[in-house]
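Dropping run-v3.txt in here (compact mmCIF, C-alpha atoms):
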```
# COMPACT_ATOMS: atom_id res chain seq x y z
CA MET H 1 224.93 66.88 256.96
CA SER H 2 222.99 64.08 255.31
CA ALA H 3 219.72 62.47 256.32
CA GLY H 4 221.66 59.38 257.34
CA THR H 5 223.05 61.17 260.38
CA VAL H 6 219.62 62.26 261.57
CA MET H 7 217.64 60.02 263.89
CA ALA H 8 214.22 58.85 262.81
CA THR H 9 212.65 60.87 265.61
CA ASP H 10 214.48 64.02 264.60
CA ILE H 11 212.51 67.19 264.21
CA ARG H 12 213.57 69.19 261.17
CA ASP H 13 214.04 72.95 261.33
CA VAL H 14 212.72 73.68 257.85
CA VAL H 15 210.72 71.57 255.45
CA ILE H 16 209.84 72.99 252.05
CA ILE H 17 207.04 71.56 249.94
CA GLY H 18 207.56 72.22 246.24
CA SER H 19 210.55 72.52 243.94
CA GLY H 20 209.86 75.43 241.59
CA PRO H 21 211.72 78.75 241.82
CA ALA H 22 210.09 79.59 245.18
CA GLY H 23 210.85 76.26 246.85
CA LEU H 24 214.41 75.97 245.56
CA THR H 25 215.31 79.58 246.40
CA ALA H 26 213.93 79.04 249.91
CA ALA H 27 216.07 75.88 250.06
CA LEU H 28 219.18 77.77 248.92
CA TYR H 29 218.78 80.47 251.57
CA ALA H 30 217.81 78.06 254.35
CA ALA H 31 220.75 75.80 253.48
CA ARG H 32 223.18 78.72 253.57
CA ALA H 33 221.76 79.60 257.01
CA SER H 34 222.74 76.05 258.15
CA LEU H 35 219.09 75.05 258.66
CA ARG H 36 219.52 71.78 256.72
CA PRO H 37 216.25 72.18 254.80
CA LEU H 38 214.41 69.19 253.40
CA VAL H 39 212.66 69.80 250.07
CA ILE H 40 209.84 67.50 249.05
CA GLU H 41 209.59 67.85 245.30
CA GLY H 42 205.98 66.93 244.69
CA LEU H 43 204.32 65.45 241.62
CA GLU H 44 205.44 68.25 239.31
CA ALA H 45 209.11 68.44 240.24
CA GLY H 46 210.75 71.63 239.04
CA GLY H 47 207.41 73.36 238.67
CA GLN H 48 205.89 75.22 235.77
CA LEU H 49 209.21 76.39 234.33
CA THR H 50 209.97 72.81 233.30
CA LEU H 51 207.07 73.16 230.84
CA THR H 52 208.52 76.24 229.15
CA THR H 53 211.24 76.74 226.59
CA LEU H 54 213.29 79.93 226.52
CA VAL H 55 212.91 82.23 229.54
CA GLU H 56 213.98 85.68 228.36
CA ASN H 57 213.27 87.72 231.48
CA TRP H 58 215.51 86.01 234.03
CA PRO H 59 217.86 88.84 235.09
CA GLY H 60 221.51 88.20 234.40
CA ARG H 61 220.88 85.90 231.45
CA ARG H 62 220.79 88.33 228.55
CA ASP H 63 220.39 85.62 225.92
CA GLY H 64 217.72 83.83 227.92
CA VAL H 65 217.87 80.46 229.60
CA MET H 66 215.86 77.32 228.96
CA GLY H 67 213.28 76.79 231.72
CA PRO H 68 214.28 73.18 232.51
CA GLU H 69 217.97 74.17 232.58
CA LEU H 70 217.28 77.05 234.97
CA MET H 71 215.46 74.68 237.33
CA ALA H 72 218.24 72.08 237.16
CA GLU H 73 220.76 74.82 238.04
CA MET H 74 218.65 76.06 240.97
CA ARG H 75 218.35 72.53 242.27
CA ALA H 76 222.08 71.89 242.01
CA GLN H 77 222.85 75.21 243.69
CA ALA H 78 220.55 74.45 246.64
CA GLU H 79 222.10 70.98 246.98
CA LYS H 80 225.60 72.40 246.85
CA PHE H 81 224.89 74.30 250.07
CA GLY H 82 223.39 71.28 251.81
CA ALA H 83 219.70 71.24 250.97
CA GLU H 84 218.29 67.72 250.95
CA ILE H 85 215.90 67.25 248.03
CA VAL H 86 213.71 64.15 247.86
CA ALA H 87 211.19 62.91 245.33
CA GLY H 88 207.86 62.46 247.03
CA HIS H 89 204.32 63.64 247.35
CA VAL H 90 202.90 65.01 250.59
CA THR H 91 199.59 63.31 251.29
CA SER H 92 198.61 65.12 254.50
CA VAL H 93 199.75 67.84 256.89
CA GLU H 94 198.89 68.52 260.51
CA LEU H 95 199.54 72.14 261.37
CA GLY H 96 197.57 72.30 264.63
CA ALA H 97 200.52 72.03 267.01
CA GLN H 98 204.33 72.10 267.12
CA PRO H 99 206.00 70.23 265.59
CA PHE H 100 204.07 70.16 262.33
CA VAL H 101 203.59 66.68 260.94
CA LEU H 102 203.72 65.79 257.24
CA ARG H 103 203.04 62.45 255.62
CA VAL H 104 205.06 61.78 252.51
CA ASP H 105 203.93 58.57 250.90
CA ASP H 106 204.28 56.17 253.90
CA GLN H 107 206.77 58.25 255.85
CA GLU H 108 206.13 60.77 258.64
CA ILE H 109 208.18 63.96 258.84
CA ARG H 110 208.15 66.44 261.74
CA THR H 111 209.28 70.03 261.45
CA ARG H 112 209.36 73.31 263.34
CA THR H 113 208.76 75.47 260.28
CA LEU H 114 207.10 74.74 256.98
CA ILE H 115 207.51 76.65 253.74
CA ILE H 116 204.71 76.02 251.29
CA ALA H 117 205.80 76.48 247.69
CA THR H 118 203.39 74.12 245.98
CA GLY H 119 202.65 76.57 243.18
CA ALA H 120 199.77 76.42 240.79
CA SER H 121 198.78 73.97 238.08
CA ALA H 122 197.06 74.45 234.76
CA ARG H 123 193.34 74.90 235.12
CA LEU H 124 191.08 72.66 233.08
CA LEU H 125 187.73 73.36 231.45
CA GLY H 126 186.05 70.85 233.74
CA LEU H 127 184.32 68.88 230.98
CA PRO H 128 184.02 65.09 231.34
CA SER H 129 185.05 64.70 227.68
CA GLU H 130 188.18 66.73 228.36
CA ARG H 131 189.23 64.37 231.15
CA VAL H 132 188.61 61.26 229.05
CA LEU H 133 190.67 62.61 226.15
CA MET H 134 193.55 64.05 228.21
CA GLY H 135 196.71 62.67 226.64
CA HIS H 136 194.72 61.59 223.59
CA GLY H 137 194.61 64.99 221.94
CA VAL H 138 193.78 67.21 224.93
CA SER H 139 196.86 68.81 226.47
CA THR H 140 197.89 71.55 228.88
CA CYS H 141 201.51 71.56 227.70
CA ALA H 142 202.24 72.96 224.24
CA THR H 143 205.99 72.40 224.55
CA CYS H 144 205.42 68.74 225.41
CA ASP H 145 202.76 67.81 222.93
CA GLY H 146 202.94 70.23 219.96
CA PHE H 147 205.29 67.71 218.35
CA PHE H 148 202.43 65.23 217.85
CA PHE H 149 200.36 67.62 215.71
CA ARG H 150 202.68 68.26 212.78
CA GLY H 151 200.62 69.42 209.81
CA LYS H 152 197.34 69.07 211.71
CA PRO H 153 194.66 71.58 212.72
CA ILE H 154 194.45 72.30 216.44
CA ALA H 155 192.63 74.62 218.80
CA ILE H 156 193.82 76.48 221.85
CA VAL H 157 191.44 77.71 224.53
CA GLY H 158 192.23 80.97 226.33
CA GLY H 159 192.97 84.64 225.78
CA GLY H 160 195.84 85.46 228.13
CA ASP H 161 199.59 85.67 227.67
CA THR H 162 200.09 81.94 228.14
CA ALA H 163 197.48 81.14 225.51
CA MET H 164 199.08 83.55 223.00
CA GLU H 165 202.57 82.28 223.72
CA GLU H 166 201.44 78.69 223.24
CA ALA H 167 199.42 79.55 220.11
CA LEU H 168 202.53 81.11 218.57
CA TYR H 169 204.66 78.15 219.61
CA LEU H 170 202.16 75.67 218.17
CA THR H 171 202.25 77.35 214.73
CA ARG H 172 205.63 75.64 214.28
CA PHE H 173 203.86 72.30 214.10
CA ALA H 174 200.18 72.71 213.31
CA SER H 175 198.61 73.50 209.95
CA THR H 176 196.29 75.98 211.69
CA VAL H 177 195.83 77.10 215.28
CA THR H 178 192.36 78.34 216.20
CA VAL H 179 192.14 80.39 219.37
CA ILE H 180 188.88 79.91 221.25
CA HIS H 181 188.17 82.79 223.60
CA ARG H 182 185.13 83.65 225.72
CA ARG H 183 185.37 87.39 225.05
CA ASP H 184 185.88 89.65 222.05
CA THR H 185 189.16 91.08 223.32
CA LEU H 186 192.34 89.46 224.58
CA ARG H 187 193.61 89.63 228.15
CA ALA H 188 197.15 89.12 226.88
CA SER H 189 199.69 91.94 226.93
CA LYS H 190 199.65 94.15 223.82
CA ALA H 191 203.01 92.91 222.52
CA MET H 192 201.96 89.28 222.75
CA ALA H 193 198.47 89.92 221.38
CA ASP H 194 199.80 91.89 218.39
CA ARG H 195 202.16 89.09 217.44
CA ALA H 196 199.40 86.49 217.62
CA LEU H 197 196.84 88.63 215.78
CA ALA H 198 199.29 89.19 212.92
CA HIS H 199 200.21 85.53 212.53
CA PRO H 200 198.88 83.98 209.29
CA LYS H 201 198.42 80.50 210.79
CA ILE H 202 196.32 81.67 213.75
CA GLN H 203 192.55 81.89 213.40
CA TRP H 204 190.05 83.24 215.91
CA ARG H 205 186.71 82.21 217.41
CA TRP H 206 185.65 85.09 219.64
CA ASN H 207 182.86 84.96 222.23
CA SER H 208 182.95 81.20 222.14
CA ALA H 209 183.04 78.46 224.73
CA VAL H 210 183.91 74.78 224.40
CA GLU H 211 180.89 72.63 225.20
CA ARG H 212 182.42 69.27 224.51
CA VAL H 213 185.53 67.65 223.13
CA LEU H 214 184.88 64.98 220.48
CA ASP H 215 185.13 62.02 220.19
CA GLU H 216 185.01 60.11 223.46
CA GLY H 217 183.82 56.94 221.71
CA LYS H 218 186.86 56.85 219.44
CA GLY H 219 189.24 57.70 222.28
CA GLU H 220 190.87 60.50 220.33
CA VAL H 221 190.20 64.15 219.55
CA THR H 222 188.39 64.72 216.26
CA GLY H 223 186.88 68.13 217.00
CA ILE H 224 185.21 70.41 219.51
CA GLU H 225 181.65 71.56 219.96
CA LEU H 226 181.51 75.33 220.39
CA ARG H 227 178.79 77.62 221.59
CA ASP H 228 178.67 81.24 220.49
CA LEU H 229 178.05 83.14 223.72
CA VAL H 230 176.34 86.05 221.89
CA THR H 231 173.99 84.21 219.54
CA GLY H 232 173.74 80.94 221.47
CA GLU H 233 174.42 78.97 218.29
CA THR H 234 176.45 75.81 218.48
CA SER H 235 178.91 74.60 215.88
CA THR H 236 181.59 71.95 215.46
CA LEU H 237 185.20 72.68 214.64
CA ALA H 238 187.28 69.80 213.30
CA VAL H 239 190.65 69.66 215.07
CA ASP H 240 193.08 66.91 216.02
CA GLY H 241 194.23 68.53 219.23
CA VAL H 242 192.97 70.89 221.94
CA PHE H 243 195.37 72.84 224.14
CA VAL H 244 193.88 74.32 227.29
CA ALA H 245 195.45 77.58 228.54
CA ILE H 246 192.80 79.21 230.68
CA GLY H 247 194.90 80.06 233.70
CA HIS H 248 196.01 78.32 236.83
CA THR H 249 194.65 77.05 240.07
CA PRO H 250 196.73 77.03 243.29
CA ASN H 251 197.78 73.68 244.75
CA THR H 252 196.32 74.23 248.21
CA GLY H 253 193.99 71.28 248.71
CA LEU H 254 196.35 69.87 251.37
CA PHE H 255 195.91 72.93 253.59
CA GLN H 256 192.18 73.44 253.29
CA GLY H 257 190.67 74.28 256.66
CA GLN H 258 194.10 74.68 258.26
CA LEU H 259 195.32 77.90 256.66
CA GLU H 260 193.52 81.04 255.54
CA ALA H 261 192.95 81.20 251.82
CA ASP H 262 191.07 83.54 249.49
CA VAL H 263 187.95 82.54 247.53
CA ASN H 264 190.08 81.11 244.72
CA GLY H 265 192.14 78.99 247.12
CA TYR H 266 195.30 81.14 247.14
CA LEU H 267 196.98 81.17 250.56
CA ILE H 268 196.80 84.54 252.31
CA THR H 269 200.13 85.90 253.54
CA HIS H 270 200.90 88.92 255.72
CA ASP H 271 204.07 90.64 257.00
CA GLY H 272 206.19 89.05 254.34
CA THR H 273 205.40 85.38 253.82
CA LYS H 274 203.58 84.53 257.07
CA THR H 275 200.41 82.50 256.75
CA SER H 276 197.63 82.40 259.33
CA ARG H 277 199.62 79.77 261.28
CA PRO H 278 202.82 80.87 263.08
CA GLY H 279 205.77 78.92 261.69
CA VAL H 280 204.10 78.22 258.36
CA PHE H 281 205.21 80.38 255.43
CA ALA H 282 204.09 80.50 251.81
CA ALA H 283 206.00 81.59 248.72
CA GLY H 284 205.50 81.72 244.98
CA ASP H 285 202.36 81.17 242.95
CA VAL H 286 200.55 79.37 245.77
CA GLN H 287 200.04 82.82 247.36
CA ASP H 288 200.34 85.08 244.30
CA HIS H 289 197.81 85.34 241.50
CA VAL H 290 199.01 88.79 240.44
CA TYR H 291 202.68 88.66 239.44
CA ARG H 292 203.25 84.92 238.88
CA GLN H 293 206.82 85.31 237.58
CA ALA H 294 209.82 83.07 238.14
CA ILE H 295 211.69 86.02 239.62
CA THR H 296 208.90 87.03 242.01
CA ALA H 297 208.47 83.41 243.09
CA ALA H 298 212.21 83.16 243.74
CA GLY H 299 212.12 86.47 245.64
CA SER H 300 209.32 85.33 247.91
CA GLY H 301 211.10 81.99 248.42
CA CYS H 302 214.09 83.93 249.73
CA MET H 303 211.78 85.93 252.00
CA ALA H 304 210.17 82.76 253.33
CA ALA H 305 213.57 81.27 254.24
CA ILE H 306 214.53 84.45 256.10
CA ASP H 307 211.12 84.57 257.82
CA ALA H 308 211.53 80.92 258.86
CA GLN H 309 215.01 81.65 260.19
CA HIS H 310 213.70 84.56 262.29
CA PHE H 311 210.90 82.39 263.63
CA LEU H 312 213.39 79.71 264.68
CA GLU H 313 215.70 82.26 266.31
CA GLU H 314 212.80 83.65 268.28
CA HIS H 315 211.09 80.41 269.32
CA PHE H 316 213.86 77.79 269.22
CA PRO H 317 217.06 79.79 269.85
CA ALA H 318 219.32 76.81 270.52
CA THR H 319 218.21 74.48 267.77
CA HIS H 320 220.26 75.70 264.88
CA HIS H 321 223.45 76.37 266.74
CA PRO H 322 226.16 75.29 264.27
CA ASP H 323 227.27 72.28 266.31
CA GLY H 324 223.70 71.40 267.30
CA ALA H 325 224.90 70.10 270.68
CA LEU H 326 222.00 71.19 272.85
CA GLU H 327 219.44 70.65 270.19
CA GLU H 328 216.57 68.44 271.38
CA LYS H 329 216.61 69.16 275.12
CA VAL H 330 216.51 72.91 274.84
CA ALA H 331 213.98 72.93 272.07
CA HIS H 332 211.50 70.99 274.13
CA ALA H 333 211.95 73.23 277.12
CA ILE H 334 210.84 76.22 275.15
CA GLN H 335 207.21 77.08 274.95
CA PRO H 336 205.97 76.62 271.41
CA PRO H 337 204.18 79.59 269.88
CA PRO H 338 200.46 79.84 270.63
CA MET H 339 198.28 77.75 268.37
CA THR H 340 194.61 78.31 267.89
CA SER H 341 193.27 75.11 266.40
CA SER H 342 192.78 71.82 268.22
CA PRO H 343 195.73 69.45 268.50
CA SER H 344 196.00 66.69 265.93
CA MET I 1 220.73 58.55 235.51
CA ALA I 2 218.24 55.82 234.70
CA SER I 3 218.34 52.89 237.07
CA GLU I 4 219.74 49.51 236.06
CA HIS I 5 216.19 48.16 236.02
CA ILE I 6 215.09 50.50 233.23
CA GLN I 7 215.13 49.02 229.73
CA THR I 8 215.32 50.93 226.46
CA PHE I 9 212.57 50.07 223.99
CA THR I 10 212.83 50.91 220.30
CA ASP I 11 210.91 50.39 217.06
CA ALA I 12 213.33 47.51 216.39
CA ASN I 13 213.02 45.64 219.69
CA PHE I 14 209.45 46.51 220.74
CA ASP I 15 207.71 43.33 219.53
CA GLN I 16 210.33 41.09 221.09
CA THR I 17 210.84 42.88 224.43
CA VAL I 18 207.37 44.27 225.09
CA LEU I 19 204.74 42.29 223.21
CA LYS I 20 206.32 38.86 223.77
CA ALA I 21 207.18 39.37 227.44
CA ASP I 22 205.48 37.11 229.99
CA ALA I 23 205.41 39.73 232.75
CA PRO I 24 203.48 43.00 232.49
CA VAL I 25 205.50 45.76 230.81
CA LEU I 26 205.36 49.49 231.53
CA VAL I 27 206.45 51.63 228.59
CA ASP I 28 207.26 55.25 229.40
CA PHE I 29 206.96 57.31 226.18
CA TRP I 30 209.23 60.33 226.53
CA ALA I 31 211.47 62.87 224.76
CA GLU I 32 214.49 65.00 225.64
CA TRP I 33 212.56 68.24 225.22
CA CYS I 34 209.68 67.21 227.50
CA GLY I 35 209.94 68.76 230.98
CA PRO I 36 207.25 66.63 232.62
CA CYS I 37 208.96 63.51 231.26
CA ARG I 38 212.05 64.49 233.24
CA MET I 39 209.83 65.19 236.25
CA ILE I 40 208.43 61.69 236.28
CA GLY I 41 211.79 60.01 235.49
CA PRO I 42 212.92 59.47 239.12
CA THR I 43 209.49 58.06 240.03
CA ILE I 44 209.72 55.56 237.17
CA ASP I 45 213.21 54.60 238.38
CA GLN I 46 211.83 53.87 241.85
CA VAL I 47 208.91 51.86 240.47
CA ALA I 48 211.37 49.84 238.36
CA SER I 49 213.54 49.03 241.38
CA GLU I 50 210.57 48.07 243.55
CA LEU I 51 208.97 45.86 240.91
CA ALA I 52 212.22 44.28 239.69
CA GLY I 53 211.61 40.64 238.77
CA LYS I 54 207.81 41.09 238.72
CA ALA I 55 207.36 43.53 235.87
CA VAL I 56 209.43 44.95 233.03
CA ILE I 57 209.86 48.73 233.03
CA GLY I 58 211.37 50.72 230.18
CA LYS I 59 211.43 53.90 228.16
CA LEU I 60 210.71 54.63 224.53
CA ASN I 61 211.99 57.86 222.96
CA VAL I 62 209.20 59.23 220.71
CA ASP I 63 211.65 61.24 218.57
CA GLU I 64 213.68 58.18 217.65
CA ASN I 65 210.87 55.65 217.43
CA PRO I 66 208.02 57.00 215.30
CA ALA I 67 206.60 53.60 214.33
CA VAL I 68 205.61 52.45 217.83
CA THR I 69 204.61 56.02 218.79
CA GLY I 70 202.27 56.13 215.80
CA ARG I 71 200.94 52.61 216.31
CA TYR I 72 199.60 53.52 219.76
CA SER I 73 198.39 57.01 218.67
CA ILE I 74 200.49 58.79 221.28
CA ARG I 75 199.36 62.44 221.37
CA GLY I 76 200.90 63.56 224.63
CA ILE I 77 203.88 62.70 226.78
CA PRO I 78 204.76 61.45 229.24
CA ALA I 79 202.44 58.56 228.45
CA LEU I 80 202.68 55.39 230.50
CA LEU I 81 201.28 52.34 228.73
CA VAL I 82 200.98 48.93 230.36
CA PHE I 83 201.15 45.81 228.18
CA LYS I 84 200.38 42.21 229.10
CA GLY I 85 200.45 39.23 226.77
CA GLY I 86 200.95 41.47 223.74
CA GLN I 87 197.93 43.62 224.54
CA LEU I 88 197.65 47.20 225.77
CA VAL I 89 195.86 46.78 229.11
CA ASP I 90 196.21 50.17 230.87
CA SER I 91 197.48 53.68 230.34
CA LEU I 92 198.23 56.83 232.32
CA ALA I 93 198.57 60.26 230.71
CA GLY I 94 200.77 63.09 231.96
CA ALA I 95 203.21 63.41 234.83
CA GLY I 96 200.85 63.98 237.77
CA HIS I 97 200.83 60.44 239.12
CA SER I 98 202.20 59.30 242.47
CA LYS I 99 204.53 56.34 242.72
CA GLN I 100 201.82 54.35 244.51
CA HIS I 101 199.34 54.95 241.72
CA ILE I 102 201.78 53.92 238.99
CA LYS I 103 202.79 50.81 240.93
CA ALA I 104 199.19 49.82 241.57
CA THR I 105 198.36 50.24 237.87
CA ILE I 106 201.10 47.74 236.98
CA GLU I 107 200.49 45.39 239.91
CA LYS I 108 196.88 44.82 238.78
CA HIS I 109 198.32 42.87 235.86
CA ILE I 110 200.99 40.81 237.66
```
How would this structure read if it were set down as structure tokens?
Amino acid sequence: MSAGTVMATDIRDVVIIGSGPAGLTAALYAARASLRPLVIEGLEAGGQLTLTTLVENWPGRRDGVMGPELMAEMRAQAEKFGAEIVAGHVTSVELGAQPFVLRVDDQEIRTRTLIIATGASARLLGLPSERVLMGHGVSTCATCDGFFFRGKPIAIVGGGDTAMEEALYLTRFASTVTVIHRRDTLRASKAMADRALAHPKIQWRWNSAVERVLDEGKGEVTGIELRDLVTGETSTLAVDGVFVAIGHTPNTGLFQGQLEADVNGYLITHDGTKTSRPGVFAAGDVQDHVYRQAITAAGSGCMAAIDAQHFLEEHFPATHHPDGALEEKVAHAIQPPPMTSSPS
Amino acid sequence: MASEHIQTFTDANFDQTVLKADAPVLVDFWAEWCGPCRMIGPTIDQVASELAGKAVIGKLNVDENPAVTGRYSIRGIPALLVFKGGQLVDSLAGAGHSKQHIKATIEKHI
């Protein structure tokens, strides 16, 4: 059923925010359960996998699959079963009472259940010079921007798996890749670290932090100022590009004060994918800073769809009857689940 | 997939179609292999439809058009550059921009 057949005042059964593996798997399962899910893609449609190249650990694809292709397939599969996927950016949510209210650009959407799959985005160093030079030599996406540094020296900041993977990828283009890391050992897995450590084009600056990216005045990257965290000495390294790979931060600003989150902002889930608000579920990296895999995100997206379905069956038993005949009347006669916060 | 309002800019036509245009021009620097460029594609299509007749919106493939890409020192894509009267007047880096923000950036120069 398309959006065209739904009245403006209609209350959706399931709205999903986010279109990475978690959001699209939730959409696939909810669509197959005839819940007509609406997916709001967000500013980074397709999620982090669209920034990757070959994904070699997606089960069932022994030769690997390109990240963007995998996401396009997931999207098409969800749509095939009736998920409605729209470009848009949620600007506010009101989760205090049923139905939940979302604002997407200028539009208002009401829903009985909400699945949050907003994921995580690359964390930045937080330097003013970094912000000014973003897109002018500072990048968080090696696969996007490595191309522009053919034959040039670059630096990459970070010591985890992503940093090593990107450092290795960037050696295809750059003359040298210098890894800047705050410690004297890598957090990356041994296999990844060994490959990077053995690579002739990769150089290392251990125990070092970036103080400033140069040169704001020129509007392009000419180098970085480094501080040795052991000796306190500062030095300048001439590079044409700086890639930042120091981890991720969950996209949970929208829900601040409305849902329980940990100190780093990750949503807290219990009994599967339930958040602190009945009817609101979270899946994928927005609630997982441990596993952070495409397959775990997809798995929790599936769980969220099933959890949402159970919630609807329990609290709105008539609403997703296949022919939908009794829909609105019955739904309103049923007591919504208890809510703790004040109404919006 | 691109909307009818999206033009294709190249090294060959850039001076004529972008620099000599009367209206403001948004140039979306992109490449096939760039995931975030695909992410922002539908948003650019919408902006192009909504600003049809007021601004010129188009794409420039960085792989195929090294001269213009080099001239504006593009170091990351997607990069959205706004031109008016032959001059670069605004730019947005990366894909994390809402439709409203992109529209407003162009509308300032209409």
Practice item. Find the residues near His199 in chain H: any atom within 12 Å, counting only C-alpha atoms, skip ones fewer than 4 places away on the same chain, and give them as a ChimeraX atom specification. Key: /H:164-165,167-172,176-179,192-195,203-204
Exercise for review: Determine, counting all atoms listed in the file, which protein, DNA and RNA residues have an atom within 6 Å of an atom of Gly76 in chain I; residues of the same chain fewer than 2 positions away are not included. Present the result as a list in words.
Suggested key: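 Close residues of Gly76 in chain I: Gly135 and Asp145 of chain H; Ile74 of chain I.
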Exercise for review: Give as a PyMOL selection string every residue of chain H that touches chain I within 6 Å, counting all atoms listed in the file.
Suggested key: chain H and resi 43+45+50-51+135-137+144-145+148
Using 6 Å of padding on each side, determine the axis-aligned box around all atoms of range 113-132 of chain H present in the file and give its centre and edge lengths in Å to one decimal, as AutoDock Vina command-line options.
```
--center_x 196.4 --center_y 69.0 --center_z 244.0 --size_x 36.7 --size_y 27.4 --size_z 44.6
```
Select from range 113-200 of chain H every residue with an atom at most 12 Å from any atom of range 27-31 of chain H, then for each give the shortest pair of atoms and their distance in Å to one decimal, using all atoms listed in the file, rows by chain and rising number, as a Markdown table.
```
| residue | atom | partner | partner_atom | distance |
| --- | --- | --- | --- | --- |
| H:Thr113 | CA | H:Ala30 | CA | 11.1 |
| H:Leu114 | CA | H:Ala27 | CA | 11.4 |
| H:Ile115 | CA | H:Ala27 | CA | 9.3 |
| H:Ile116 | CA | H:Ala27 | CA | 11.4 |
| H:Ala117 | CA | H:Ala27 | CA | 10.6 |
```
Check your understanding: What is the distance between CA of Ala21 in chain I and CA of Val89 in chain I, in Å to one decimal?
Key ->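 Computed distance, CA of Ala21 in chain I to CA of Val89 in chain I, equals 13.6 Å.
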Practice item. Find the residue from I:Asp11, I:Gln16, I:Asp28, I:Asp90 that sits nearest to Glu107 in chain I; use all atoms listed in the file when measuring. Key: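 Once distances to Glu107 in chain I are computed over all atoms listed in the file, the minimum belongs to I:Asp90.
Comparing the minimum interatomic distances between Gly85 in chain I and each of I:Leu51, I:Ala12, I:Val25, I:Leu60, counting all atoms listed in the file, we find that I:Val25 sits nearest.
From CA of Lys108 in chain I back to CA of Ser139 in chain H, the distance works out to 27.0 Å.
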Review point. Which neighbours of Val101 in chain H fall inside 12 Å, counting all atoms listed in the file, when residues of the same chain fewer than 4 positions from it are skipped, and could you give them as a PyMOL selection string?
Key: chain H and resi 9-12+14-15+90-97+107-114+280+343-344
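Excluding Thr118 in chain H itself and same-chain residues fewer than 6 positions from it, the residues having an atom within 8 Å of it are Ile17, Gly18, Ser19, Gly20, Gly23, Gly42, Pro250, Asn251, Thr252, Gly284, Asp285 and Val286 of chain H, counting only C-alpha atoms.
Our summary of the geometry notes that CA of Ala196 in chain H is positioned 25.3 Å from CA of Thr234 in chain H.
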Practice item. Identify which of the residues I:Lys59, I:Lys20, I:His101, I:Lys54 lies closest to Gln87 in chain I, counting only C-alpha atoms when measuring atom-to-atom distances. Key: I:Lys20
Review point. Residues at most 9 Å from range 237-242 of chain H, counting all atoms listed in the file, excluding those fewer than 2 positions away in the same chain, as number ranges by chain?
Key: H: 136-140, 146, 148-149, 152-157, 178, 213-214, 220-226, 235, 244; I: 75
Point to revise | Of the listed residues H:Thr52, H:Gln77, H:Gln256, H:Asn207, that which approaches Val65 in chain H most closely, counting all atoms listed in the file | key: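 Comparing H:Thr52, H:Gln77, H:Gln256, H:Asn207 against Val65 in chain H, the winner is H:Thr52.
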